[in-house]
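Here the structure comes first, spelled out in structure tokens, and everything after it is commentary.
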Amino acid sequence: MKKIVYAIHLLILVLAAGCVSFPKQAFDKGANAKVQTIALLVVPPPSDFRVVNIGGTGAAFGLIGAAIESSEEEQKSEEFTSAVAEQQLAFGRSMTEALTRELQSASYRVVLLDQRPVKKSETDQDADYSSIHADADAILDVSFVQAGYYAPQADYLPWLRVSARLIASKTKQRLYAQEFSYGGQVVTVENVEHIPGPEKYAYGNFDALMAKPSEACSGLQAGIEPVARRVADQLR
């Protein structure tokens, strides 16, 4: 079953440029001037780290070829996730701290809530926030949708995909929505804002990636501050 999931995942990424879009809603500062206190939901860490070769030979042979290759990608993903497991929790904590700093610099009062909405998945556009009650004007929900290293052509490059939603505390209406990608330009997807990463985090093959797991992890962590800054900038 996992092999099929990974094959579909590969296929979606390859086709995403022309077929997929994600919700985007700019924050209307004028209409929401009363939003002065934001309840930031503590950001959970990525569930795992994927290592995927988008330019692999399997993708050239359709879904069956991708399925064969995906079994190798699954194993590589598990090995890399295990190698950086000790640093995994730091991603959620670091993103929470970075968002707090950036929101405060944008003149918001920030309170932390260790709660999560009810979601079918992190990409769920109809997440249920009804159980979250905050002493704040709005609720900011930021989450890692995907994280890992992707090889769009040759080198494995760091890649994060992050979802950000601002929800009115009382009405639970969406006030802002934006998806971000960070690192290597894997695919161009409508409504997903891309933030390029440092070129120094590039690995020619999986062995080179696994030889420096701490450095590779730093390549992903380097995306936290830029993403948090963009979220705050778009809420100014």
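Ordering of the structure tokens sets the chain letters (A, B, ...); residue numbers start at 1 within each chain; ligands are numbered from 1 in the order shown.
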Using only C-alpha atoms, which protein or nucleic acid residues come within 12 Å of Ala26 of chain A? Drop anything in the same chain fewer than 6 positions from it, and give the result as a tab-separated table (two decimals) with C-alpha atoms, in the first residue's frame.
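Output contents, as saved in selection_26.tsv:
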```tsv
chain	number	residue	atom	x	y	z
A	32	ASN	CA	-9.48	43.39	10.00
A	164	ALA	CA	-0.57	29.00	6.89
A	165	ARG	CA	-4.18	29.89	7.83
A	166	LEU	CA	-5.54	32.77	9.91
A	174	ARG	CA	-10.89	32.32	7.20
A	175	LEU	CA	-9.07	35.67	7.08
A	176	TYR	CA	-5.89	34.58	5.35
A	177	ALA	CA	-4.50	31.55	3.56
A	178	GLN	CA	-1.18	30.88	1.88
A	179	GLU	CA	0.93	27.87	0.97
A	191	ASN	CA	-0.91	29.90	-5.48
A	231	VAL	CA	3.77	34.94	7.03
A	233	ASP	CA	4.92	40.28	6.37
A	234	GLN	CA	1.65	39.22	4.74
A	235	LEU	CA	-0.25	39.96	7.95
A	236	ARG	CA	1.14	43.48	8.37
```
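Proximity ranking of A:Ser130, A:Thr37, A:Gln146, A:Ser163 relative to Val52 of chain A places A:Gln146 first, based on only C-alpha atoms.
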Which residue out of A:Pro213, A:Gly92, A:Gly184, A:Pro198 has the minimum interatomic distance to Phe144 of chain A when only C-alpha atoms are used?
A:Gly92
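Closest approach to Gln173 of chain A from the set A:Asp155, A:Lys24, A:Ala138, A:Leu40 is made by A:Ala138, with distances taken over only C-alpha atoms.
We find atom CA of Ser107 of chain A and atom CA of Val35 of chain A to be spaced 10.6 Å apart.
Using only C-alpha atoms, the shortest contact distance between Ala168 of chain A and any of A:Glu74, A:Glu193, A:Asp114, A:Asp135 is found at A:Asp135.
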Rank nothing, just name the residue among A:Ala136, A:Ala151, A:Leu112, A:Leu160 nearest to Tyr182 of chain A, using only C-alpha atoms.
A:Leu160
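For the choices A:Pro226, A:Phe180, A:Glu86, A:Ile132, the atom-to-atom distance to Val118 of chain A is smallest for A:Ile132 when using only C-alpha atoms.
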Identify all residues of segment 55-193 of chain A in strand (DSSP E or B) (DSSP on the backbone) and supply them as JSON, numbers by chain.
{"A": [109, 110, 111, 112, 113, 118, 128, 138, 139, 140, 141, 142, 143, 144, 145, 146, 147, 148, 149, 150, 151, 156, 157, 158, 159, 160, 161, 162, 163, 164, 165, 166, 167, 168, 174, 175, 176, 177, 178, 179, 180, 181, 182, 183, 190, 192, 193]}
Using N, CA and C atoms, can you export the residues from the last selection as a compact mmCIF listing (two decimals), in the first residue's frame?
```
# COMPACT_ATOMS: atom_id res chain seq x y z
N ARG A 109 0.17 41.05 19.46
CA ARG A 109 0.33 40.33 20.72
C ARG A 109 0.09 38.86 20.41
N VAL A 110 0.97 38.00 20.90
CA VAL A 110 0.89 36.59 20.56
C VAL A 110 0.68 35.75 21.82
N VAL A 111 -0.30 34.85 21.76
CA VAL A 111 -0.50 33.87 22.82
C VAL A 111 -0.40 32.50 22.17
N LEU A 112 0.19 31.55 22.88
CA LEU A 112 0.37 30.20 22.34
C LEU A 112 -0.73 29.28 22.81
N LEU A 113 -1.22 28.45 21.88
CA LEU A 113 -2.22 27.44 22.20
C LEU A 113 -1.72 26.08 21.74
N VAL A 118 -9.52 19.96 13.79
CA VAL A 118 -9.81 18.63 13.25
C VAL A 118 -9.59 18.69 11.73
N ASP A 128 -11.80 21.89 10.77
CA ASP A 128 -12.80 22.31 11.76
C ASP A 128 -12.10 22.94 12.96
N ALA A 138 -7.77 36.35 16.58
CA ALA A 138 -7.66 35.41 15.47
C ALA A 138 -6.75 34.26 15.86
N ILE A 139 -6.87 33.17 15.12
CA ILE A 139 -6.09 31.96 15.35
C ILE A 139 -5.20 31.72 14.13
N LEU A 140 -3.90 31.58 14.37
CA LEU A 140 -2.98 31.30 13.27
C LEU A 140 -2.56 29.83 13.33
N ASP A 141 -2.84 29.12 12.25
CA ASP A 141 -2.53 27.70 12.14
C ASP A 141 -1.49 27.51 11.04
N VAL A 142 -0.28 27.17 11.44
CA VAL A 142 0.82 26.93 10.50
C VAL A 142 1.27 25.48 10.67
N SER A 143 1.46 24.79 9.57
CA SER A 143 1.87 23.38 9.67
C SER A 143 2.78 23.00 8.51
N PHE A 144 3.65 22.02 8.79
CA PHE A 144 4.50 21.44 7.74
C PHE A 144 3.67 20.41 6.99
N VAL A 145 3.48 20.64 5.72
CA VAL A 145 2.75 19.68 4.89
C VAL A 145 3.70 18.59 4.40
N GLN A 146 4.87 19.00 3.97
CA GLN A 146 5.88 18.06 3.50
C GLN A 146 7.26 18.60 3.83
N ALA A 147 8.20 17.71 4.05
CA ALA A 147 9.57 18.11 4.32
C ALA A 147 10.50 17.00 3.87
N GLY A 148 11.65 17.38 3.35
CA GLY A 148 12.61 16.37 2.95
C GLY A 148 13.55 16.86 1.88
N TYR A 149 14.12 15.92 1.16
CA TYR A 149 15.04 16.25 0.07
C TYR A 149 14.51 15.67 -1.24
N TYR A 150 14.43 16.54 -2.24
CA TYR A 150 13.89 16.16 -3.53
C TYR A 150 14.93 16.45 -4.61
N ALA A 151 15.02 15.55 -5.58
CA ALA A 151 15.95 15.74 -6.69
C ALA A 151 15.15 16.02 -7.95
N TYR A 156 20.10 16.28 -4.87
CA TYR A 156 19.04 16.33 -3.86
C TYR A 156 19.10 17.69 -3.17
N LEU A 157 17.98 18.38 -3.15
CA LEU A 157 17.89 19.73 -2.58
C LEU A 157 16.86 19.74 -1.46
N PRO A 158 17.06 20.59 -0.43
CA PRO A 158 16.07 20.68 0.65
C PRO A 158 14.76 21.23 0.12
N TRP A 159 13.66 20.74 0.68
CA TRP A 159 12.35 21.22 0.25
C TRP A 159 11.37 21.13 1.41
N LEU A 160 10.72 22.24 1.69
CA LEU A 160 9.64 22.30 2.67
C LEU A 160 8.39 22.79 1.99
N ARG A 161 7.25 22.29 2.41
CA ARG A 161 5.97 22.87 2.03
C ARG A 161 5.22 23.16 3.31
N VAL A 162 4.80 24.41 3.45
CA VAL A 162 4.19 24.89 4.69
C VAL A 162 2.86 25.55 4.40
N SER A 163 1.87 25.24 5.22
CA SER A 163 0.54 25.82 5.09
C SER A 163 0.32 26.83 6.21
N ALA A 164 -0.26 27.98 5.88
CA ALA A 164 -0.57 29.00 6.89
C ALA A 164 -2.02 29.45 6.73
N ARG A 165 -2.78 29.46 7.83
CA ARG A 165 -4.18 29.89 7.83
C ARG A 165 -4.42 30.79 9.03
N LEU A 166 -5.11 31.91 8.82
CA LEU A 166 -5.54 32.77 9.91
C LEU A 166 -7.06 32.72 9.96
N ILE A 167 -7.58 32.38 11.14
CA ILE A 167 -9.01 32.16 11.32
C ILE A 167 -9.55 33.12 12.38
N ALA A 168 -10.69 33.74 12.12
CA ALA A 168 -11.32 34.61 13.12
C ALA A 168 -11.74 33.77 14.32
N ARG A 174 -12.28 32.23 7.62
CA ARG A 174 -10.89 32.32 7.20
C ARG A 174 -10.57 33.76 6.80
N LEU A 175 -9.49 34.30 7.37
CA LEU A 175 -9.07 35.67 7.08
C LEU A 175 -7.85 35.72 6.17
N TYR A 176 -7.14 34.60 6.12
CA TYR A 176 -5.89 34.58 5.35
C TYR A 176 -5.51 33.13 5.08
N ALA A 177 -4.97 32.89 3.89
CA ALA A 177 -4.50 31.55 3.56
C ALA A 177 -3.36 31.66 2.55
N GLN A 178 -2.30 30.91 2.81
CA GLN A 178 -1.18 30.88 1.88
C GLN A 178 -0.37 29.60 2.07
N GLU A 179 0.03 29.02 0.96
CA GLU A 179 0.93 27.87 0.97
C GLU A 179 2.31 28.35 0.54
N PHE A 180 3.35 27.82 1.17
CA PHE A 180 4.72 28.18 0.83
C PHE A 180 5.51 26.92 0.50
N SER A 181 6.46 27.06 -0.41
CA SER A 181 7.48 26.03 -0.59
C SER A 181 8.82 26.71 -0.40
N TYR A 182 9.78 25.93 0.07
CA TYR A 182 11.10 26.49 0.36
C TYR A 182 12.17 25.51 -0.11
N GLY A 183 13.26 26.06 -0.62
CA GLY A 183 14.40 25.23 -1.01
C GLY A 183 14.55 25.15 -2.51
N GLU A 190 0.36 26.63 -8.79
CA GLU A 190 -0.43 27.84 -8.67
C GLU A 190 -0.76 28.13 -7.21
N VAL A 192 1.09 28.71 -4.73
CA VAL A 192 2.10 28.35 -3.75
C VAL A 192 3.31 29.27 -3.95
N GLU A 193 3.63 30.04 -2.92
CA GLU A 193 4.74 30.99 -3.02
C GLU A 193 6.05 30.28 -2.72
```
